[in-house]
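Below is work-v7.cif, holding mmCIF, C-alpha atoms.
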data_data
loop_
_atom_site.label_atom_id
_atom_site.label_comp_id
_atom_site.auth_asym_id
_atom_site.auth_seq_id
_atom_site.Cartn_x
_atom_site.Cartn_y
_atom_site.Cartn_z
CA MET A 180 -13.12 -8.89 8.83
CA GLY A 181 -13.15 -6.29 11.58
CA ILE A 182 -15.97 -4.88 13.64
CA LYS A 183 -17.51 -1.73 12.19
CA LYS A 184 -16.37 1.51 13.79
CA ALA A 185 -19.99 2.42 14.61
CA THR A 186 -20.51 -0.91 16.41
CA ARG A 187 -17.33 -0.39 18.42
CA LYS A 188 -18.51 3.08 19.40
CA LYS A 189 -21.91 1.76 20.45
CA VAL A 190 -20.36 -1.00 22.59
CA SER A 191 -18.07 1.54 24.20
CA GLN A 192 -21.01 3.85 24.97
CA MET A 193 -22.95 0.95 26.50
CA ARG A 194 -20.01 0.07 28.73
CA THR A 195 -19.64 3.66 29.86
CA ALA A 196 -23.35 3.83 30.69
CA LYS A 197 -23.11 0.56 32.63
CA ARG A 198 -20.15 1.87 34.62
CA ARG A 199 -22.03 5.10 35.36
CA ARG A 200 -25.05 3.14 36.61
CA ARG A 201 -22.81 1.04 38.86
CA ARG A 202 -21.24 4.14 40.36
CA GLU A 203 -24.69 5.60 40.97
CA LEU A 204 -25.75 2.42 42.76
CA ALA A 205 -22.57 2.61 44.85
CA LYS A 206 -23.72 5.97 46.21
CA LEU A 207 -27.07 4.72 47.55
CA PRO A 208 -27.68 4.84 51.33
CA LEU A 209 -26.64 1.74 53.24
CA ASP A 210 -30.16 0.63 54.20
CA THR A 211 -31.29 0.81 50.56
CA LYS A 212 -28.25 -1.23 49.51
CA TYR A 213 -28.97 -3.91 52.11
CA LYS A 214 -32.58 -4.01 50.92
CA ILE A 215 -31.26 -4.69 47.41
CA VAL A 216 -28.97 -7.44 48.78
CA SER A 217 -32.04 -9.06 50.38
CA HIS A 218 -33.90 -8.95 47.06
CA LEU A 219 -30.93 -10.45 45.26
CA GLN A 220 -30.80 -13.27 47.81
CA LYS A 221 -34.47 -14.04 47.17
CA ILE A 222 -33.94 -14.04 43.41
CA VAL A 223 -31.00 -16.46 43.73
CA GLU A 224 -33.12 -18.75 45.93
CA GLU A 225 -35.91 -18.72 43.30
CA ILE A 226 -33.39 -19.54 40.57
CA HIS A 227 -32.24 -22.56 42.60
CA ILE A 228 -35.85 -23.71 43.07
CA ILE A 229 -36.58 -23.37 39.33
CA GLY A 230 -33.35 -25.23 38.50
CA LYS A 231 -34.18 -28.02 40.93
CA SER A 232 -37.73 -28.52 39.58
CA SER A 233 -36.58 -28.51 35.93
CA ARG A 234 -34.00 -31.21 36.65
CA LYS A 235 -36.79 -33.47 37.92
CA HIS A 236 -38.58 -33.43 34.52
CA MET B 78 -32.23 -7.75 56.13
CA ARG B 79 -32.53 -6.59 59.69
CA ILE B 80 -29.11 -5.22 60.47
CA ALA B 81 -30.36 -2.75 63.08
CA LYS B 82 -31.22 -5.59 65.49
CA VAL B 83 -27.72 -7.04 65.05
CA LEU B 84 -26.12 -3.65 65.68
CA GLY B 85 -28.18 -3.23 68.84
CA LEU B 86 -27.03 -6.62 70.12
CA LEU B 87 -23.40 -5.83 69.33
CA ASP B 88 -23.58 -2.60 71.31
CA GLU B 89 -25.24 -4.48 74.15
CA MET B 90 -22.36 -7.00 74.20
CA LYS B 91 -19.86 -4.17 74.11
CA GLY B 92 -21.60 -2.56 77.08
CA LYS B 93 -21.42 -5.83 79.01
CA GLY B 94 -17.70 -6.22 78.28
CA ILE B 95 -18.14 -9.40 76.23
CA ILE B 96 -16.47 -7.70 73.29
CA GLU B 97 -14.13 -4.75 73.44
CA LYS B 98 -14.69 -3.34 69.98
CA TYR B 99 -16.27 -4.45 66.73
CA ALA B 100 -16.51 -3.50 63.08
CA ILE B 101 -18.23 -4.88 60.02
CA GLY B 102 -15.88 -6.45 57.50
CA GLY B 103 -16.16 -8.87 54.59
CA ALA B 104 -18.62 -8.63 51.71
CA MET B 105 -21.24 -6.60 53.62
CA ALA B 106 -18.59 -3.95 54.28
CA CYS B 107 -17.73 -3.93 50.57
CA VAL B 108 -21.39 -3.32 49.77
CA ALA B 109 -21.08 -0.09 51.74
CA TYR B 110 -18.66 1.21 49.10
CA ILE B 111 -19.74 -0.38 45.82
CA GLU B 112 -22.93 -1.50 44.05
CA PRO B 113 -24.91 -4.15 45.97
CA PHE B 114 -24.20 -7.80 45.15
CA VAL B 115 -25.39 -11.15 46.49
CA THR B 116 -23.89 -12.16 49.79
CA TYR B 117 -25.38 -14.05 52.70
CA ASP B 118 -23.64 -13.54 55.98
CA LEU B 119 -22.53 -10.59 58.02
CA ASP B 120 -18.90 -10.77 59.14
CA VAL B 121 -18.34 -9.03 62.44
CA PHE B 122 -14.68 -8.63 63.37
CA VAL B 123 -14.22 -8.31 67.11
CA LEU B 124 -11.52 -7.31 69.54
CA LEU B 125 -11.97 -9.33 72.70
CA PRO B 126 -11.12 -8.30 76.24
CA SER B 127 -7.72 -9.69 77.31
CA GLN B 128 -7.96 -13.35 78.28
CA GLU B 129 -5.70 -15.68 80.20
CA GLY B 130 -3.41 -17.89 78.14
CA HIS B 131 -2.57 -17.68 74.45
CA LEU B 132 -5.77 -19.06 73.00
CA ILE B 133 -8.50 -16.62 72.08
CA SER B 134 -11.99 -17.86 72.85
CA ILE B 135 -15.20 -16.55 71.32
CA THR B 136 -17.26 -18.89 73.50
CA PRO B 137 -18.59 -15.99 75.66
CA ILE B 138 -20.15 -14.38 72.57
CA TYR B 139 -21.91 -17.57 71.49
CA ALA B 140 -22.91 -18.42 75.07
CA TYR B 141 -24.46 -14.96 75.53
CA LEU B 142 -26.40 -15.17 72.28
CA ARG B 143 -27.53 -18.75 72.90
CA GLU B 144 -28.79 -17.68 76.31
CA LYS B 145 -30.80 -14.96 74.57
CA GLY B 146 -32.42 -17.65 72.43
CA TYR B 147 -30.58 -17.19 69.14
CA ARG B 148 -29.96 -20.25 67.02
CA ILE B 149 -26.41 -21.26 66.19
CA ASP B 150 -25.85 -22.86 62.82
CA LYS B 151 -22.27 -24.07 62.31
CA GLU B 152 -20.12 -20.95 62.55
CA HIS B 153 -23.06 -18.54 62.32
CA VAL B 154 -25.46 -17.12 64.85
CA ILE B 155 -28.83 -16.48 63.25
CA ILE B 156 -30.09 -13.10 64.41
CA ASP B 157 -33.47 -12.22 62.88
CA ASP B 158 -32.73 -14.28 59.77
CA VAL B 159 -29.28 -12.72 59.35
CA PRO B 160 -26.43 -15.26 59.62
CA VAL B 161 -23.76 -13.46 61.62
CA GLN B 162 -20.21 -14.74 61.90
CA PHE B 163 -18.01 -13.42 64.68
CA ILE B 164 -14.37 -13.33 63.70
CA PRO B 165 -11.79 -12.35 66.30
CA ALA B 166 -9.22 -9.99 64.73
CA TYR B 167 -6.66 -12.63 63.76
CA ASN B 168 -3.62 -10.55 62.83
CA LYS B 169 -2.19 -7.02 63.01
CA LEU B 170 -3.98 -6.00 59.82
CA THR B 171 -7.46 -6.99 60.98
CA GLU B 172 -6.79 -5.47 64.42
CA GLU B 173 -5.88 -2.19 62.74
CA ALA B 174 -8.96 -2.44 60.51
CA VAL B 175 -11.23 -2.72 63.58
CA ASN B 176 -9.45 0.14 65.36
CA GLU B 177 -9.61 2.46 62.37
CA ALA B 178 -13.11 1.56 61.16
CA VAL B 179 -15.31 4.44 60.03
CA GLU B 180 -18.78 5.07 61.39
CA MET B 181 -21.47 4.85 58.75
CA ARG B 182 -25.11 5.66 59.12
CA TYR B 183 -27.57 2.78 58.88
CA LYS B 184 -31.05 4.30 59.18
CA THR B 185 -30.85 5.97 62.59
CA THR B 186 -28.03 3.81 63.96
CA LYS B 187 -24.30 4.21 63.53
CA MET B 188 -22.37 1.26 62.22
CA PRO B 189 -18.57 0.84 62.33
CA VAL B 190 -17.37 -0.42 58.95
CA PHE B 191 -13.85 -1.27 57.79
CA ARG B 192 -12.24 1.41 55.66
CA ILE B 193 -12.12 0.52 51.99
CA GLU B 194 -8.30 0.60 52.05
CA HIS B 195 -8.26 -2.03 54.82
CA LEU B 196 -10.77 -4.15 52.92
CA LEU B 197 -8.51 -4.06 49.86
CA ALA B 198 -5.46 -5.00 51.95
CA ILE B 199 -7.35 -7.89 53.59
CA MET B 200 -8.57 -9.11 50.18
CA ILE B 201 -5.07 -9.06 48.75
CA GLN B 202 -3.84 -10.92 51.83
CA THR B 203 -6.61 -13.54 51.68
CA ASP B 204 -6.28 -13.79 47.87
CA ARG B 205 -9.17 -16.14 47.06
CA PRO B 206 -10.63 -15.95 43.53
CA LYS B 207 -13.68 -14.05 44.85
CA ASP B 208 -11.37 -11.55 46.55
CA ARG B 209 -9.57 -10.85 43.27
CA THR B 210 -12.86 -10.24 41.45
CA ARG B 211 -14.06 -8.01 44.25
CA ILE B 212 -10.85 -5.95 44.21
CA VAL B 213 -11.47 -5.18 40.53
CA HIS B 214 -15.03 -4.02 41.31
CA VAL B 215 -13.87 -1.90 44.24
CA LEU B 216 -11.16 -0.20 42.19
CA ASP B 217 -13.71 0.53 39.48
CA GLN B 218 -16.43 1.93 41.70
CA ALA B 219 -15.09 3.19 45.03
CA LYS B 220 -13.05 6.21 45.96
CA VAL B 221 -9.77 4.90 47.36
CA ASP B 222 -7.13 6.94 49.18
CA ASP B 223 -4.05 5.66 47.33
CA ASP B 224 -1.50 7.07 49.80
CA TYR B 225 -3.28 5.52 52.75
CA LEU B 226 -3.61 2.20 50.92
CA VAL B 227 0.10 2.10 50.03
CA ASP B 228 0.97 2.91 53.65
CA ILE B 229 -1.15 -0.04 54.89
CA LEU B 230 0.26 -2.38 52.25
CA ARG B 231 3.82 -1.37 53.06
CA ARG B 232 3.42 -1.76 56.83
CA HIS B 233 1.84 -5.19 56.46
CA ARG B 234 4.29 -6.38 53.79
CA LEU B 235 1.67 -6.67 51.08
CA LEU B 236 2.94 -4.09 48.62
CA ARG B 237 4.73 -6.59 46.41
CA ARG B 238 1.66 -8.81 46.19
CA TRP B 239 -0.45 -5.75 45.39
CA ASN B 240 1.89 -4.63 42.61
CA GLU B 241 1.84 -8.15 41.15
CA PHE B 242 -1.97 -8.08 41.18
CA LYS B 243 -2.04 -4.69 39.45
CA ARG B 244 0.42 -5.88 36.83
CA LYS B 245 -1.61 -9.00 36.15
CA PHE B 246 -5.01 -7.30 35.94
CA TYR B 247 -4.18 -3.85 34.65
CA GLY B 248 -0.78 -4.27 33.04
CA ASN B 249 0.90 -1.60 35.17
#
Written as structure tokens, that's how I'd like the structure from this file.
Amino acid sequence: MGIKKATRKKVSQMRTAKRRRRRELAKLPLDTKYKIVSHLQKIVEEIHIIGKSSRKH
Amino acid sequence: MRIAKVLGLLDEMKGKGIIEKYAIGGAMACVAYIEPFVTYDLDVFVLLPSQEGHLISITPIYAYLREKGYRIDKEHVIIDDVPVQFIPAYNKLTEEAVNEAVEMRYKTTKMPVFRIEHLLAIMIQTDRPKDRTRIVHVLDQAKVDDDYLVDILRRHRLLRRWNEFKRKFYGN
């Protein structure tokens, strides 16, 4: 049983949109990008904290 | 992330002759060309003034920064919460990357960053799993000068490795 043609088309469109968004992000000014990196670092730290506390229970 | 402070310090060290030239490499340099991703330290590649003997020492850099009150944590110097690693250009490729770095604007400061073609060549030379993943992202998102890249790869004997990589990941 194959995937419906419409589903394939939708997945392809989603991938194209994702790639376009990535390329748009790539064009941001350097200081904005580094601000985003800082935010990402904080999010990763929070994930570690949540993971650590849930292991204790 | 307070990069401006780091850039100011680097220029200060350049002015004092502690380093001859510098450029940003590694993941932070990649971020300049592609979408932002998580990374922690700032890799600063440096050309040092000529020293006696064959061993290259980065002690003067660390001594200068320690004297200024910055904390040293393993191989990093922590400058305003940014872990900075100083890497002396360790081969002809990294030396060339520092010499041919492009100046990018960071707020009001100028920042020398490795060219994307040099970053790709260094990643293919280093060839860690994270480098391979990053190469794929760079090829997907950044504008790469193919002729310039091939010239670098050929001169540094990396063309075969590059072609193998392309075959494996893209089938051509």
Legend entry - Residue nearest chain B - candidates A:Lys189, A:Lys214, A:Lys184, A:His227, atoms counted: only C-alpha atoms: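 Of A:Lys189, A:Lys214, A:Lys184, A:His227, the one nearest chain B is A:Lys214, counting only C-alpha atoms.
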Inset, instruction - Have a look at atom CA of Thr186 of chain B and atom CA of Ile80 of chain B and let me know their distance in Å, one decimal. - result: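 A separation of 9.7 Å between them.
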Inset, instruction - Do me a favour and pick out the residues of chain A within 12 Å of chain B, using all atoms listed in the file, as a list in words. - result: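 Interface list for chain A against chain B: Thr195, Lys197, Arg198, Arg199, Arg200, Arg201, Arg202, Glu203, Leu204, Ala205, Lys206, Leu207, Pro208, Leu209, Asp210, Thr211, Lys212, Tyr213, Lys214, Ile215, Val216, Ser217, His218, Leu219, Gln220, Lys221, Ile222, Val223 and Glu224 of chain A.
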Legend entry - Atom-to-atom span, atom CA of Ile229 of chain A and atom CA of Lys207 of chain B, Å: 25.3 Å
Inset, instruction - Please evaluate the PyMOL selection byres ((chain B and resi 170-176) around 10) against the displayed coordinates and give the resulting residues as a ChimeraX atom specification. - result: /B:98-102,121-124,164-169,177-179,189-196,198-199,202,229-230,232-233
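Here atom CA of Arg187 of chain A stands at a distance of 26.4 Å from atom CA of Lys243 of chain B.
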Inset, instruction - Return as a ChimeraX atom specification the set of residues that the PyMOL selection byres ((chain B and resi 136) around 12) yields on the displayed structure. - result: /B:95-96,125,128,132-135,137-144,149,152,163-165
Please return segment 195-229 of chain A, rebuilt to N, CA and C atoms, as a PDB file, in the frame of the given file.
ATOM      1  N   THR A 195     -19.752   2.445  29.053  1.00  0.00           N
ATOM      2  CA  THR A 195     -19.640   3.660  29.860  1.00  0.00           C
ATOM      3  C   THR A 195     -20.922   3.870  30.662  1.00  0.00           C
ATOM      4  N   ALA A 196     -22.065   3.647  30.019  1.00  0.00           N
ATOM      5  CA  ALA A 196     -23.350   3.830  30.690  1.00  0.00           C
ATOM      6  C   ALA A 196     -23.496   2.841  31.849  1.00  0.00           C
ATOM      7  N   LYS A 197     -23.030   1.614  31.604  1.00  0.00           N
ATOM      8  CA  LYS A 197     -23.110   0.560  32.630  1.00  0.00           C
ATOM      9  C   LYS A 197     -22.251   0.953  33.840  1.00  0.00           C
ATOM     10  N   ARG A 198     -21.048   1.456  33.542  1.00  0.00           N
ATOM     11  CA  ARG A 198     -20.150   1.870  34.620  1.00  0.00           C
ATOM     12  C   ARG A 198     -20.761   3.026  35.410  1.00  0.00           C
ATOM     13  N   ARG A 199     -21.410   3.953  34.699  1.00  0.00           N
ATOM     14  CA  ARG A 199     -22.030   5.100  35.360  1.00  0.00           C
ATOM     15  C   ARG A 199     -23.165   4.632  36.283  1.00  0.00           C
ATOM     16  N   ARG A 200     -23.947   3.668  35.796  1.00  0.00           N
ATOM     17  CA  ARG A 200     -25.050   3.140  36.610  1.00  0.00           C
ATOM     18  C   ARG A 200     -24.522   2.462  37.870  1.00  0.00           C
ATOM     19  N   ARG A 201     -23.417   1.720  37.701  1.00  0.00           N
ATOM     20  CA  ARG A 201     -22.810   1.040  38.860  1.00  0.00           C
ATOM     21  C   ARG A 201     -22.348   2.044  39.892  1.00  0.00           C
ATOM     22  N   ARG A 202     -21.724   3.121  39.426  1.00  0.00           N
ATOM     23  CA  ARG A 202     -21.240   4.140  40.360  1.00  0.00           C
ATOM     24  C   ARG A 202     -22.390   4.840  41.056  1.00  0.00           C
ATOM     25  N   GLU A 203     -23.502   4.996  40.347  1.00  0.00           N
ATOM     26  CA  GLU A 203     -24.690   5.600  40.970  1.00  0.00           C
ATOM     27  C   GLU A 203     -25.232   4.693  42.066  1.00  0.00           C
ATOM     28  N   LEU A 204     -25.275   3.393  41.767  1.00  0.00           N
ATOM     29  CA  LEU A 204     -25.750   2.420  42.760  1.00  0.00           C
ATOM     30  C   LEU A 204     -24.835   2.413  43.993  1.00  0.00           C
ATOM     31  N   ALA A 205     -23.542   2.617  43.746  1.00  0.00           N
ATOM     32  CA  ALA A 205     -22.570   2.610  44.850  1.00  0.00           C
ATOM     33  C   ALA A 205     -22.818   3.744  45.826  1.00  0.00           C
ATOM     34  N   LYS A 206     -23.493   4.805  45.349  1.00  0.00           N
ATOM     35  CA  LYS A 206     -23.720   5.970  46.210  1.00  0.00           C
ATOM     36  C   LYS A 206     -25.012   5.895  47.017  1.00  0.00           C
ATOM     37  N   LEU A 207     -25.792   4.841  46.833  1.00  0.00           N
ATOM     38  CA  LEU A 207     -27.070   4.720  47.550  1.00  0.00           C
ATOM     39  C   LEU A 207     -26.846   4.604  49.066  1.00  0.00           C
ATOM     40  N   PRO A 208     -27.833   5.017  49.875  1.00  0.00           N
ATOM     41  CA  PRO A 208     -27.680   4.840  51.330  1.00  0.00           C
ATOM     42  C   PRO A 208     -27.595   3.356  51.696  1.00  0.00           C
ATOM     43  N   LEU A 209     -26.912   3.109  52.813  1.00  0.00           N
ATOM     44  CA  LEU A 209     -26.640   1.740  53.240  1.00  0.00           C
ATOM     45  C   LEU A 209     -27.893   0.875  53.395  1.00  0.00           C
ATOM     46  N   ASP A 210     -28.963   1.446  53.986  1.00  0.00           N
ATOM     47  CA  ASP A 210     -30.160   0.630  54.200  1.00  0.00           C
ATOM     48  C   ASP A 210     -30.800   0.230  52.867  1.00  0.00           C
ATOM     49  N   THR A 211     -30.737   1.134  51.886  1.00  0.00           N
ATOM     50  CA  THR A 211     -31.290   0.810  50.560  1.00  0.00           C
ATOM     51  C   THR A 211     -30.455  -0.318  49.931  1.00  0.00           C
ATOM     52  N   LYS A 212     -29.138  -0.203  50.082  1.00  0.00           N
ATOM     53  CA  LYS A 212     -28.250  -1.230  49.510  1.00  0.00           C
ATOM     54  C   LYS A 212     -28.539  -2.601  50.128  1.00  0.00           C
ATOM     55  N   TYR A 213     -28.708  -2.629  51.456  1.00  0.00           N
ATOM     56  CA  TYR A 213     -28.970  -3.910  52.110  1.00  0.00           C
ATOM     57  C   TYR A 213     -30.336  -4.473  51.716  1.00  0.00           C
ATOM     58  N   LYS A 214     -31.283  -3.565  51.410  1.00  0.00           N
ATOM     59  CA  LYS A 214     -32.580  -4.010  50.920  1.00  0.00           C
ATOM     60  C   LYS A 214     -32.385  -4.705  49.557  1.00  0.00           C
ATOM     61  N   ILE A 215     -31.548  -4.109  48.728  1.00  0.00           N
ATOM     62  CA  ILE A 215     -31.260  -4.690  47.410  1.00  0.00           C
ATOM     63  C   ILE A 215     -30.586  -6.055  47.578  1.00  0.00           C
ATOM     64  N   VAL A 216     -29.647  -6.152  48.523  1.00  0.00           N
ATOM     65  CA  VAL A 216     -28.970  -7.440  48.780  1.00  0.00           C
ATOM     66  C   VAL A 216     -30.009  -8.509  49.134  1.00  0.00           C
ATOM     67  N   SER A 217     -30.979  -8.122  49.992  1.00  0.00           N
ATOM     68  CA  SER A 217     -32.040  -9.060  50.380  1.00  0.00           C
ATOM     69  C   SER A 217     -32.826  -9.539  49.173  1.00  0.00           C
ATOM     70  N   HIS A 218     -33.165  -8.596  48.285  1.00  0.00           N
ATOM     71  CA  HIS A 218     -33.900  -8.950  47.060  1.00  0.00           C
ATOM     72  C   HIS A 218     -33.088  -9.896  46.207  1.00  0.00           C
ATOM     73  N   LEU A 219     -31.805  -9.596  46.079  1.00  0.00           N
ATOM     74  CA  LEU A 219     -30.930 -10.450  45.260  1.00  0.00           C
ATOM     75  C   LEU A 219     -30.874 -11.866  45.834  1.00  0.00           C
ATOM     76  N   GLN A 220     -30.814 -11.954  47.165  1.00  0.00           N
ATOM     77  CA  GLN A 220     -30.800 -13.270  47.810  1.00  0.00           C
ATOM     78  C   GLN A 220     -32.049 -14.064  47.450  1.00  0.00           C
ATOM     79  N   LYS A 221     -33.209 -13.365  47.496  1.00  0.00           N
ATOM     80  CA  LYS A 221     -34.470 -14.040  47.170  1.00  0.00           C
ATOM     81  C   LYS A 221     -34.479 -14.518  45.716  1.00  0.00           C
ATOM     82  N   ILE A 222     -33.971 -13.675  44.829  1.00  0.00           N
ATOM     83  CA  ILE A 222     -33.940 -14.040  43.410  1.00  0.00           C
ATOM     84  C   ILE A 222     -33.062 -15.285  43.203  1.00  0.00           C
ATOM     85  N   VAL A 223     -31.902 -15.305  43.858  1.00  0.00           N
ATOM     86  CA  VAL A 223     -31.000 -16.460  43.730  1.00  0.00           C
ATOM     87  C   VAL A 223     -31.694 -17.729  44.242  1.00  0.00           C
ATOM     88  N   GLU A 224     -32.392 -17.592  45.384  1.00  0.00           N
ATOM     89  CA  GLU A 224     -33.120 -18.750  45.930  1.00  0.00           C
ATOM     90  C   GLU A 224     -34.145 -19.264  44.924  1.00  0.00           C
ATOM     91  N   GLU A 225     -34.893 -18.332  44.303  1.00  0.00           N
ATOM     92  CA  GLU A 225     -35.910 -18.720  43.300  1.00  0.00           C
ATOM     93  C   GLU A 225     -35.258 -19.430  42.118  1.00  0.00           C
ATOM     94  N   ILE A 226     -34.110 -18.920  41.692  1.00  0.00           N
ATOM     95  CA  ILE A 226     -33.390 -19.540  40.570  1.00  0.00           C
ATOM     96  C   ILE A 226     -33.043 -20.992  40.922  1.00  0.00           C
ATOM     97  N   HIS A 227     -32.585 -21.197  42.161  1.00  0.00           N
ATOM     98  CA  HIS A 227     -32.240 -22.560  42.600  1.00  0.00           C
ATOM     99  C   HIS A 227     -33.468 -23.471  42.574  1.00  0.00           C
ATOM    100  N   ILE A 228     -34.600 -22.915  43.039  1.00  0.00           N
ATOM    101  CA  ILE A 228     -35.850 -23.710  43.070  1.00  0.00           C
ATOM    102  C   ILE A 228     -36.251 -24.089  41.646  1.00  0.00           C
ATOM    103  N   ILE A 229     -36.210 -23.102  40.732  1.00  0.00           N
ATOM    104  CA  ILE A 229     -36.580 -23.370  39.330  1.00  0.00           C
ATOM    105  C   ILE A 229     -35.639 -24.438  38.740  1.00  0.00           C
TER     106      ILE A 229
END
